[in-house]
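Colleague: Can you read through this structure? Questions will come right after.
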Amino acid sequence: MSDTPSLFDEEENARQRIEALRDEINRHTYLYYVKDAPEISDGAFDSLVHELRELEAAWPRFYDANSPTQRVGGAVGDQFAPVVHEARMYSLDDAMNLEELDAWMDRTQEALGEFPEMVCELKIDGSGIALTYADGALAQAATRGDGTTGEDVTVNIRTIRDVPLRLRPEGREGLARTGSFEVRGEVYMAKASFERLNQAAQGAGKQPFANPRNAAAGSLRQKDASITAHRELSTYIYAIADEGAVQADNQYDFLRWLGQCGFHVNPDVQLCGSRGEVRAFCEKALQRRDSLPYEIDGVVVKVNSFALQRRLGYTSRAPRWAMAYKFPPEEKTTELLDITVQVGRTGVLTPVAELEPVSVAGSTVSRATLHNEDEVHRKDVRIGDTVIVRKAGDVIPEVLGPVLPLRPEGAAVWHMPRECPSCGSPVVREEGEVAFRCISIDCPAQAQERLVHWASRGALDIDGMGEEVVRSLIAAGRLCDVADYYSLDEQELALLDMGRVNKDGDPIRLGATVAKKLAAQIDQSRHASFGRVLFGLGIRHVGKTMAEAIAAAYPTMEQLEAAGEEELAQVEGVGPKIAHGLYEFFRTPQNIEVIRRLRKFGVTMAVDIEDVEELLPQTLAGLTFVLTGTLAQSGMTRDEAAEALKARGAKVSGSVSKKTSFVVAGEAAGSKYDKAVALGVPVLDEAQLLETIRTGEVPA
């Protein structure tokens with residue numbers, strides 16, 4: 001038999017990697033944007049997204065409208081009131097090196113017929129903010145949120161001294177119209193302020209912040225504005241929602257106008273008439289990075305002319321007229337002390353490099369994933385080696401390889417253990433896979449990861465049920481499987497021993513206040529959608545989007561349990577491998593018992609369509625809609641519009657095909673609109689969408 005991987009093997013490996021990246025990016029998006037408690041840096045997150053985009057481009061058949069690459073920004077939390085931005089706050093595409101930046105400049109020149117004047121600005125490593133002014137006075141401030149809707153932080157913003165509460169007269173004279181306008185920028189914390197904040201935190205016995213960006217974001221979202229006032233925050237403003245609100249006709253003049261208004265504008269801005277000048281600015285910024293009083297992670301390059309910006313337009317997620325050049329990786333050497341193994345919720349064993357702590361790009365690195373045994377052997381890293389560690393910008397820690405002349409004598413090649421480090425069960429490697437798995441369904445490490453997954457935002461969304469609480473409940477013998485969540489009561493949660501002691505040596509309890517909120521979250525999770533329940537069960541290969549597709553095909557748990565393997569394989573996107581995993585899951589007695597108990601506790605076991613059908617005639621049944629662009633006129637999000645269409649029986653898909661009935665195109669519609677035109681699929685505008693939702697009939 002040939003050792004050469006087949007096309008099927010390559011495709012399956014790509015699919016697995018794409019799904020793994022999507023799950024990981026979604027998890028970090030939640031930690032980063034909602035909790036302000038990231039596990040990795042911005043550079044690490046950018047690196048993951050960059051890899052996912054490349055894989056999705058290489059394997060277009062795995063396109064998914066719910067992929068994090070299709071989404072701008074992160075989720076909006078519920079701690080502050082929601083604010084809808086005047087216009088969408090787009091992300092920027094990234095150039096990970098100067099060659100990619102050159103390629104973007106080439107595309108821009110080709111599109112315009114000549115090389116346009118460009119503006120280079122430092123990319124501030126802060127937290128995005130939108131400031132609305134009405135009649136020359138600050139009216140509202142909101143976080144970036146998901147790019148469309150942010151959180152109201154007006155009271156906190158007012159405490160930042162470089163934010164003008166009223167515009168200076170000379171700035172108001174530069175307005176092209178009366179009324180309100182929205183400017184955008186970054187809230188950041190200077191390096192010296194960050195050091196003082198962490199010194200104070202450590203002196204008080206509190207956890208220090210990981211980096212200045214995290215400190216700025218956390219300070220901005222304090223419920224007590226007096227805390228924000230003492231955090232020494234600053235701003236740099238550099239954009240506007242609608243450039244028609246000012247008399248300037250280009251970015252450079254607009255920045256000058258911002259300064260006239262009283263906004264804090266970064267002075268490191270340069271007009272460039274050639275790609276050589278752009279490259280020189282980027283190279284100089286990299287050299288000056290460490291000497292600046294604030295953190296930057298790259299350079300933003302923009303076409304200067306607003307008219308040319310409008311001509312170039314947008315993709316579905318980013319402007320075509322701007323690019324973020326991200327700084328190249330920083331590399332350090334350190335000792336590889338050990339290689340340990342982590343066990344995930346699906347039983348996959350992942351080797352982890354335990355490193356002598358080393359400071360890389362502003363944070364201390366002591367651990368780094370090695371992905372799998374093949375990767376360890378490919379890099380030929382061994383315990384005791386001096387290894388090269390890098391972070392791209394503020395990147396995810398990565399071990400590049402050993403410094404071979406420094407390898408200690410007798411350093412042995414590392415191999416994956418043949419027994420699970422958590423439960424001692426056999427470890428297997430299935431044909432065609434790179435991963436080793438623990439085959440025991442009773443593995444404690446898998447159980448903990450499954451329990452955390454059930455409570456995660458994408459699944460049942462039990463806010464506050466993090467890893468520490470889950471570990472404590474497992475240690476107390478109160479949590480073995482996901483059904484056990486619903487046997488917990490508020491009183492026992494309040495008394496839960498968190499496995500730590502206070503300064504007097506007494507055990508730290510979860511406490512009544514947290515327990516009350518957590519109990520309410522658990523109770524609320526019973527009513528999560530059927531698709532979320534299926535995703536939360538942690539069935540192998542079944543991600544969130546796949547779970548929704550399965551729920552649509554089998555709207556009750558009973559129907560799904562009774563489905564045959566060949567029948568399951570007919571569901572769009574499932575295929576034989578996922579079908580086999582589904583079939584086996586519902587033939588495992590332990591799984592059926594968990595489902596029985598979940599049903600007993602009142603957890604959703606069916607798609608809730610009966611009430612909807614009684615209220616609205618299913619006049620759109622049999623029609624498939626695809627939504628693209630921003631629904632700015634209607635004020636609805638795409639998810640809200642999708643639910644309204646589904647309420648009348650329609651199917652809403654994430655991709656356009658010949659079977660698509662209609663494509664709804666909002667503002668800045670992207671490639672889906674182009675594909676609809678190419679295939680001859682009818683396109684509806686927002687007015688027609690609203691008419692369809694209101695009447696249940698598609699306008700002629």
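Note on naming: chains are A, B, ... as they come in the structure tokens, residues start from 1 per chain, ligands start from 1 in the order shown.
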Using only C-alpha atoms, which protein or nucleic acid residues come within 9 Å of A:Gly458? Drop anything in the same chain fewer than 6 positions from it, and give the result as a list in words.
Modeller: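 Once the adjacent positions are removed, what remains is Asn26, Arg27, Arg532, Phe535, Gly536 and Lys544 of chain A.
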Colleague: Grab the residues selected above and save them as a PDB file, in the first residue's frame with C-alpha atoms.
Modeller:
```pdb
ATOM      1  CA  ASN A  26     -14.768  31.301  18.555  1.00  0.00           C
ATOM      2  CA  ARG A  27     -13.599  30.403  22.063  1.00  0.00           C
ATOM      3  CA  ARG A 532     -27.438  24.262  20.818  1.00  0.00           C
ATOM      4  CA  PHE A 535     -23.770  20.991  19.812  1.00  0.00           C
ATOM      5  CA  GLY A 536     -23.411  20.922  23.600  1.00  0.00           C
ATOM      6  CA  LYS A 544     -22.349  24.484  15.884  1.00  0.00           C
TER       7      LYS A 544
END
```
Colleague: Let's see if you can do this: from backbone DSSP, list all alpha helix (DSSP H) residues in stretch 203-337 of chain A, as an MDAnalysis selection string.
Modeller: chainID A and resid 203 212:220 225:229 251:261 275:288 306:312
Colleague: Suppose you want the space between atom CA of A:Arg382 and atom CA of A:Ala412; what is it in Å?
Modeller: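 That distance, rounded to one decimal, is 6.4 Å.
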Colleague: Point out the residue among A:Val278, A:Val381, A:Ala176, A:Ala225 with the least atom-to-atom distance to A:Ala353, counting only C-alpha atoms.
Modeller: A:Val381
Colleague: Might you pull out every residue within 10 Å of A:Gly466, with only C-alpha atoms counted and same-chain residues fewer than 3 positions away left off, and present them as a ChimeraX atom specification?
Modeller: /A:451-453,455-456,462-463,469-471
Colleague: Which residues, written as a PDB file with N, CA and C atoms, in the first residue's frame, have at least one atom at most 10 Å from stretch 288-302 of chain A, with only C-alpha atoms counted and residues fewer than 3 positions away on the same chain left out?
Modeller:
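This went into out.pdb:
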```pdb
ATOM      1  N   ASP A  42      -3.413  39.396  20.894  1.00  0.00           N
ATOM      2  CA  ASP A  42      -4.005  39.770  19.613  1.00  0.00           C
ATOM      3  C   ASP A  42      -3.241  39.139  18.456  1.00  0.00           C
ATOM      4  N   GLY A  43      -1.925  39.142  18.553  1.00  0.00           N
ATOM      5  CA  GLY A  43      -1.128  38.565  17.481  1.00  0.00           C
ATOM      6  C   GLY A  43      -1.396  37.082  17.314  1.00  0.00           C
ATOM      7  N   LEU A  92      -9.931  45.131   9.488  1.00  0.00           N
ATOM      8  CA  LEU A  92      -8.973  45.322   8.408  1.00  0.00           C
ATOM      9  C   LEU A  92      -8.370  43.982   8.015  1.00  0.00           C
ATOM     10  N   ASP A  93      -8.135  43.781   6.728  1.00  0.00           N
ATOM     11  CA  ASP A  93      -7.366  42.617   6.305  1.00  0.00           C
ATOM     12  C   ASP A  93      -5.914  42.805   6.743  1.00  0.00           C
ATOM     13  N   ASP A  94      -5.231  41.683   6.982  1.00  0.00           N
ATOM     14  CA  ASP A  94      -3.868  41.724   7.500  1.00  0.00           C
ATOM     15  C   ASP A  94      -2.856  41.313   6.442  1.00  0.00           C
ATOM     16  N   ALA A  95      -1.753  42.025   6.395  1.00  0.00           N
ATOM     17  CA  ALA A  95      -0.574  41.607   5.644  1.00  0.00           C
ATOM     18  C   ALA A  95       0.453  41.152   6.671  1.00  0.00           C
ATOM     19  N   MET A  96       0.801  39.876   6.652  1.00  0.00           N
ATOM     20  CA  MET A  96       1.682  39.324   7.676  1.00  0.00           C
ATOM     21  C   MET A  96       3.157  39.574   7.375  1.00  0.00           C
ATOM     22  N   LEU A 101       1.955  42.935   1.811  1.00  0.00           N
ATOM     23  CA  LEU A 101       1.598  44.347   1.692  1.00  0.00           C
ATOM     24  C   LEU A 101       1.819  44.828   0.257  1.00  0.00           C
ATOM     25  N   MET A 105      -0.848  46.463  -2.467  1.00  0.00           N
ATOM     26  CA  MET A 105      -0.620  47.714  -3.192  1.00  0.00           C
ATOM     27  C   MET A 105      -0.689  47.492  -4.699  1.00  0.00           C
ATOM     28  N   PRO A 116      -2.088  55.222  -6.019  1.00  0.00           N
ATOM     29  CA  PRO A 116      -2.703  56.367  -5.346  1.00  0.00           C
ATOM     30  C   PRO A 116      -1.845  56.863  -4.186  1.00  0.00           C
ATOM     31  N   GLU A 117      -2.044  58.111  -3.806  1.00  0.00           N
ATOM     32  CA  GLU A 117      -1.408  58.630  -2.598  1.00  0.00           C
ATOM     33  C   GLU A 117      -1.957  57.858  -1.405  1.00  0.00           C
ATOM     34  N   MET A 118      -1.061  57.458  -0.497  1.00  0.00           N
ATOM     35  CA  MET A 118      -1.469  56.660   0.654  1.00  0.00           C
ATOM     36  C   MET A 118      -1.048  57.334   1.951  1.00  0.00           C
ATOM     37  N   VAL A 119      -1.761  56.997   3.017  1.00  0.00           N
ATOM     38  CA  VAL A 119      -1.459  57.501   4.350  1.00  0.00           C
ATOM     39  C   VAL A 119      -1.057  56.323   5.226  1.00  0.00           C
ATOM     40  N   CYS A 120       0.068  56.448   5.912  1.00  0.00           N
ATOM     41  CA  CYS A 120       0.519  55.423   6.854  1.00  0.00           C
ATOM     42  C   CYS A 120       0.318  55.920   8.281  1.00  0.00           C
ATOM     43  N   GLU A 121      -0.308  55.077   9.121  1.00  0.00           N
ATOM     44  CA  GLU A 121      -0.554  55.404  10.519  1.00  0.00           C
ATOM     45  C   GLU A 121      -0.111  54.229  11.386  1.00  0.00           C
ATOM     46  N   LEU A 122       0.359  54.509  12.579  1.00  0.00           N
ATOM     47  CA  LEU A 122       0.717  53.444  13.514  1.00  0.00           C
ATOM     48  C   LEU A 122      -0.540  52.710  13.964  1.00  0.00           C
ATOM     49  N   LYS A 123      -0.441  51.396  14.084  1.00  0.00           N
ATOM     50  CA  LYS A 123      -1.581  50.578  14.519  1.00  0.00           C
ATOM     51  C   LYS A 123      -1.522  50.441  16.044  1.00  0.00           C
ATOM     52  N   ILE A 124      -2.349  51.219  16.723  1.00  0.00           N
ATOM     53  CA  ILE A 124      -2.340  51.264  18.186  1.00  0.00           C
ATOM     54  C   ILE A 124      -2.942  49.984  18.753  1.00  0.00           C
ATOM     55  N   ASP A 125      -2.271  49.415  19.740  1.00  0.00           N
ATOM     56  CA  ASP A 125      -2.745  48.180  20.367  1.00  0.00           C
ATOM     57  C   ASP A 125      -3.644  48.546  21.544  1.00  0.00           C
ATOM     58  N   GLY A 126      -4.898  48.869  21.242  1.00  0.00           N
ATOM     59  CA  GLY A 126      -5.841  49.300  22.271  1.00  0.00           C
ATOM     60  C   GLY A 126      -7.187  48.646  22.090  1.00  0.00           C
ATOM     61  N   TYR A 188      -6.318  53.406  24.809  1.00  0.00           N
ATOM     62  CA  TYR A 188      -5.119  52.631  25.113  1.00  0.00           C
ATOM     63  C   TYR A 188      -4.561  53.041  26.471  1.00  0.00           C
ATOM     64  N   MET A 189      -3.644  52.230  26.968  1.00  0.00           N
ATOM     65  CA  MET A 189      -2.954  52.526  28.219  1.00  0.00           C
ATOM     66  C   MET A 189      -1.461  52.578  27.929  1.00  0.00           C
ATOM     67  N   ALA A 190      -0.819  53.668  28.296  1.00  0.00           N
ATOM     68  CA  ALA A 190       0.616  53.820  28.066  1.00  0.00           C
ATOM     69  C   ALA A 190       1.398  52.763  28.857  1.00  0.00           C
ATOM     70  N   LYS A 191       2.589  52.446  28.382  1.00  0.00           N
ATOM     71  CA  LYS A 191       3.399  51.414  29.029  1.00  0.00           C
ATOM     72  C   LYS A 191       3.677  51.749  30.494  1.00  0.00           C
ATOM     73  N   ALA A 192       3.996  53.002  30.785  1.00  0.00           N
ATOM     74  CA  ALA A 192       4.314  53.395  32.164  1.00  0.00           C
ATOM     75  C   ALA A 192       3.082  53.255  33.058  1.00  0.00           C
ATOM     76  N   SER A 193       1.915  53.634  32.535  1.00  0.00           N
ATOM     77  CA  SER A 193       0.673  53.508  33.306  1.00  0.00           C
ATOM     78  C   SER A 193       0.359  52.042  33.571  1.00  0.00           C
ATOM     79  N   PHE A 194       0.600  51.208  32.568  1.00  0.00           N
ATOM     80  CA  PHE A 194       0.371  49.769  32.711  1.00  0.00           C
ATOM     81  C   PHE A 194       1.258  49.181  33.802  1.00  0.00           C
ATOM     82  N   ASN A 211      -1.585  42.391  29.505  1.00  0.00           N
ATOM     83  CA  ASN A 211      -0.959  43.345  28.593  1.00  0.00           C
ATOM     84  C   ASN A 211      -1.745  44.649  28.621  1.00  0.00           C
ATOM     85  N   PRO A 212      -1.189  45.736  28.072  1.00  0.00           N
ATOM     86  CA  PRO A 212      -1.871  47.032  28.115  1.00  0.00           C
ATOM     87  C   PRO A 212      -3.233  47.040  27.414  1.00  0.00           C
ATOM     88  N   ARG A 213      -3.370  46.298  26.300  1.00  0.00           N
ATOM     89  CA  ARG A 213      -4.663  46.264  25.615  1.00  0.00           C
ATOM     90  C   ARG A 213      -5.739  45.689  26.508  1.00  0.00           C
ATOM     91  N   GLN A 251      -8.054  61.422   3.896  1.00  0.00           N
ATOM     92  CA  GLN A 251      -7.735  60.990   5.251  1.00  0.00           C
ATOM     93  C   GLN A 251      -6.761  61.938   5.940  1.00  0.00           C
ATOM     94  N   TYR A 252      -5.762  62.417   5.224  1.00  0.00           N
ATOM     95  CA  TYR A 252      -4.745  63.275   5.834  1.00  0.00           C
ATOM     96  C   TYR A 252      -5.360  64.582   6.327  1.00  0.00           C
ATOM     97  N   VAL A 269       2.144  60.147  11.403  1.00  0.00           N
ATOM     98  CA  VAL A 269       1.359  59.934  10.184  1.00  0.00           C
ATOM     99  C   VAL A 269       2.181  60.439   9.009  1.00  0.00           C
ATOM    100  N   GLN A 270       2.138  59.718   7.895  1.00  0.00           N
ATOM    101  CA  GLN A 270       2.939  60.140   6.749  1.00  0.00           C
ATOM    102  C   GLN A 270       2.183  59.924   5.448  1.00  0.00           C
ATOM    103  N   LEU A 271       2.207  60.937   4.575  1.00  0.00           N
ATOM    104  CA  LEU A 271       1.704  60.808   3.213  1.00  0.00           C
ATOM    105  C   LEU A 271       2.769  60.128   2.364  1.00  0.00           C
ATOM    106  N   CYS A 272       2.368  59.125   1.588  1.00  0.00           N
ATOM    107  CA  CYS A 272       3.330  58.375   0.783  1.00  0.00           C
ATOM    108  C   CYS A 272       2.869  58.350  -0.671  1.00  0.00           C
ATOM    109  N   VAL A 278       6.013  53.726   1.519  1.00  0.00           N
ATOM    110  CA  VAL A 278       5.172  52.945   2.441  1.00  0.00           C
ATOM    111  C   VAL A 278       6.024  51.919   3.175  1.00  0.00           C
ATOM    112  N   PHE A 281       8.265  53.526   5.811  1.00  0.00           N
ATOM    113  CA  PHE A 281       7.550  53.894   7.032  1.00  0.00           C
ATOM    114  C   PHE A 281       7.354  52.665   7.912  1.00  0.00           C
ATOM    115  N   CYS A 282       6.950  51.537   7.298  1.00  0.00           N
ATOM    116  CA  CYS A 282       6.721  50.309   8.059  1.00  0.00           C
ATOM    117  C   CYS A 282       8.000  49.824   8.731  1.00  0.00           C
ATOM    118  N   GLU A 283       9.102  49.864   7.998  1.00  0.00           N
ATOM    119  CA  GLU A 283      10.384  49.404   8.548  1.00  0.00           C
ATOM    120  C   GLU A 283      10.846  50.313   9.685  1.00  0.00           C
ATOM    121  N   LYS A 284      10.641  51.611   9.535  1.00  0.00           N
ATOM    122  CA  LYS A 284      11.030  52.555  10.580  1.00  0.00           C
ATOM    123  C   LYS A 284      10.165  52.366  11.820  1.00  0.00           C
ATOM    124  N   ALA A 285       8.868  52.116  11.626  1.00  0.00           N
ATOM    125  CA  ALA A 285       7.960  51.900  12.755  1.00  0.00           C
ATOM    126  C   ALA A 285       8.375  50.666  13.552  1.00  0.00           C
ATOM    127  N   SER A 305      -7.401  59.405  -0.603  1.00  0.00           N
ATOM    128  CA  SER A 305      -8.591  60.059  -1.152  1.00  0.00           C
ATOM    129  C   SER A 305      -9.873  59.338  -0.744  1.00  0.00           C
ATOM    130  N   PHE A 306     -10.833  60.070  -0.184  1.00  0.00           N
ATOM    131  CA  PHE A 306     -12.132  59.487   0.162  1.00  0.00           C
ATOM    132  C   PHE A 306     -12.870  59.039  -1.102  1.00  0.00           C
ATOM    133  N   GLN A 309     -11.475  55.811  -2.057  1.00  0.00           N
ATOM    134  CA  GLN A 309     -11.929  54.799  -1.099  1.00  0.00           C
ATOM    135  C   GLN A 309     -13.316  54.300  -1.485  1.00  0.00           C
ATOM    136  N   PRO A 319     -12.549  46.862   4.353  1.00  0.00           N
ATOM    137  CA  PRO A 319     -12.390  47.792   3.234  1.00  0.00           C
ATOM    138  C   PRO A 319     -11.282  47.333   2.301  1.00  0.00           C
ATOM    139  N   ARG A 320     -11.493  47.520   0.995  1.00  0.00           N
ATOM    140  CA  ARG A 320     -10.448  47.194   0.025  1.00  0.00           C
ATOM    141  C   ARG A 320      -9.379  48.284  -0.024  1.00  0.00           C
ATOM    142  N   TRP A 321      -9.680  49.448   0.569  1.00  0.00           N
ATOM    143  CA  TRP A 321      -8.775  50.601   0.468  1.00  0.00           C
ATOM    144  C   TRP A 321      -7.816  50.734   1.655  1.00  0.00           C
ATOM    145  N   ALA A 322      -7.770  49.738   2.521  1.00  0.00           N
ATOM    146  CA  ALA A 322      -6.862  49.790   3.677  1.00  0.00           C
ATOM    147  C   ALA A 322      -6.301  48.405   3.959  1.00  0.00           C
ATOM    148  N   MET A 323      -5.126  48.383   4.560  1.00  0.00           N
ATOM    149  CA  MET A 323      -4.478  47.123   4.924  1.00  0.00           C
ATOM    150  C   MET A 323      -3.680  47.327   6.202  1.00  0.00           C
ATOM    151  N   ALA A 324      -3.728  46.338   7.090  1.00  0.00           N
ATOM    152  CA  ALA A 324      -2.943  46.375   8.324  1.00  0.00           C
ATOM    153  C   ALA A 324      -1.690  45.521   8.129  1.00  0.00           C
ATOM    154  N   TYR A 325      -0.544  46.165   8.126  1.00  0.00           N
ATOM    155  CA  TYR A 325       0.722  45.432   8.082  1.00  0.00           C
ATOM    156  C   TYR A 325       1.081  45.033   9.503  1.00  0.00           C
ATOM    157  N   LYS A 326       1.142  43.721   9.769  1.00  0.00           N
ATOM    158  CA  LYS A 326       1.443  43.214  11.104  1.00  0.00           C
ATOM    159  C   LYS A 326       2.940  42.958  11.230  1.00  0.00           C
ATOM    160  N   PHE A 327       3.492  43.342  12.363  1.00  0.00           N
ATOM    161  CA  PHE A 327       4.927  43.189  12.569  1.00  0.00           C
ATOM    162  C   PHE A 327       5.341  41.716  12.530  1.00  0.00           C
ATOM    163  N   PRO A 328       6.542  41.431  12.030  1.00  0.00           N
ATOM    164  CA  PRO A 328       7.021  40.048  11.970  1.00  0.00           C
ATOM    165  C   PRO A 328       7.288  39.488  13.362  1.00  0.00           C
ATOM    166  N   ALA A 361       7.749  39.502  23.358  1.00  0.00           N
ATOM    167  CA  ALA A 361       6.769  40.490  22.890  1.00  0.00           C
ATOM    168  C   ALA A 361       5.872  40.983  24.018  1.00  0.00           C
ATOM    169  N   GLY A 362       6.480  41.241  25.166  1.00  0.00           N
ATOM    170  CA  GLY A 362       5.749  41.909  26.233  1.00  0.00           C
ATOM    171  C   GLY A 362       5.028  41.024  27.219  1.00  0.00           C
ATOM    172  N   ALA A 392       4.281  36.262  16.951  1.00  0.00           N
ATOM    173  CA  ALA A 392       4.101  37.251  15.887  1.00  0.00           C
ATOM    174  C   ALA A 392       3.343  38.430  16.462  1.00  0.00           C
ATOM    175  N   GLY A 393       4.028  39.549  16.663  1.00  0.00           N
ATOM    176  CA  GLY A 393       3.423  40.681  17.368  1.00  0.00           C
ATOM    177  C   GLY A 393       3.287  40.295  18.824  1.00  0.00           C
ATOM    178  N   ASP A 394       2.030  40.025  19.243  1.00  0.00           N
ATOM    179  CA  ASP A 394       1.780  39.514  20.591  1.00  0.00           C
ATOM    180  C   ASP A 394       1.360  38.056  20.503  1.00  0.00           C
TER     181      ASP A 394
END
```
Colleague: Suppose you want the space between atom CA of A:Gly666 and atom CA of A:Ala130; what is it in Å?
Modeller: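 Separation between atom CA of A:Gly666 and atom CA of A:Ala130: 22.3 Å.
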Colleague: Enumerate as a list in words all residues of stretch 416-574 of chain A assigned to strand (DSSP E) by DSSP on the backbone, naming them with the chain letters and numbers the document uses.
Modeller: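 Checking each residue of stretch 416-574 of chain A, the strand (DSSP E) ones are Val427, Val428, Phe436, Arg437, Cys438, Asp497, Met498, Gly499, Arg500, Val501, Pro507, Ile508 and Arg509 of chain A.
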Colleague: For A:Val84, work out the shell of residues within 7 Å, counting only C-alpha atoms and skipping chain neighbours fewer than 5 positions away, then give it as an MDAnalysis selection string.
Modeller: chainID A and resid 148:150
Colleague: Put those residues in a file: N, CA and C atoms, as a compact mmCIF listing (two decimals), in the first residue's frame.
Modeller:
```txt
# COMPACT_ATOMS: atom_id res chain seq x y z
N THR A 148 -21.32 46.05 14.51
CA THR A 148 -22.60 46.69 14.24
C THR A 148 -23.20 47.28 15.51
N THR A 149 -23.08 46.53 16.60
CA THR A 149 -23.64 46.94 17.89
C THR A 149 -22.57 46.85 18.96
N GLY A 150 -22.39 47.94 19.71
CA GLY A 150 -21.43 47.95 20.81
C GLY A 150 -22.14 48.15 22.14
```
Colleague: A:Arg540: which residues within 8 Å, counting only C-alpha atoms, same-chain residues fewer than 4 positions away excluded, as a VMD selection string?
Modeller: chain A and resid 346 578 581 to 582
Colleague: Take the residues just selected and output them with N, CA and C atoms as an mmCIF file, in the first residue's frame.
Modeller:
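Listed below is the output, part-v5.cif:
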```
data_model
loop_
_atom_site.group_PDB
_atom_site.id
_atom_site.type_symbol
_atom_site.label_atom_id
_atom_site.label_comp_id
_atom_site.auth_asym_id
_atom_site.auth_seq_id
_atom_site.Cartn_x
_atom_site.Cartn_y
_atom_site.Cartn_z
ATOM 1 N N THR A 346 -12.828 15.340 23.248
ATOM 2 C CA THR A 346 -13.050 14.217 22.344
ATOM 3 C C THR A 346 -12.000 13.131 22.517
ATOM 4 N N ILE A 578 -19.333 11.588 9.452
ATOM 5 C CA ILE A 578 -20.083 12.230 10.528
ATOM 6 C C ILE A 578 -21.319 11.412 10.851
ATOM 7 N N GLY A 581 -20.428 8.663 13.163
ATOM 8 C CA GLY A 581 -20.244 9.147 14.529
ATOM 9 C C GLY A 581 -21.568 9.436 15.222
ATOM 10 N N LEU A 582 -22.506 10.052 14.496
ATOM 11 C CA LEU A 582 -23.843 10.322 15.051
ATOM 12 C C LEU A 582 -24.545 9.022 15.418
#
```
Colleague: Report, in Å with one decimal, the straight-line distance from atom CA of A:Thr695 to atom CA of A:Val652.
Modeller: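 Between these atoms lies a distance of 17.7 Å.
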Colleague: Env of A:Leu620: 10 Å cut, atoms = only C-alpha atoms, seq-sep filter 2 positions within chain, self excluded. Answer as a count of residues only.
Modeller: 18
Colleague: Here is a test: counting only C-alpha atoms, which residue of A:Val352, A:Arg166, A:Val571, A:Gly179 is nearest to A:Cys261?
Modeller: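 When distances to A:Cys261 are compared using only C-alpha atoms, the smallest one comes from A:Arg166.
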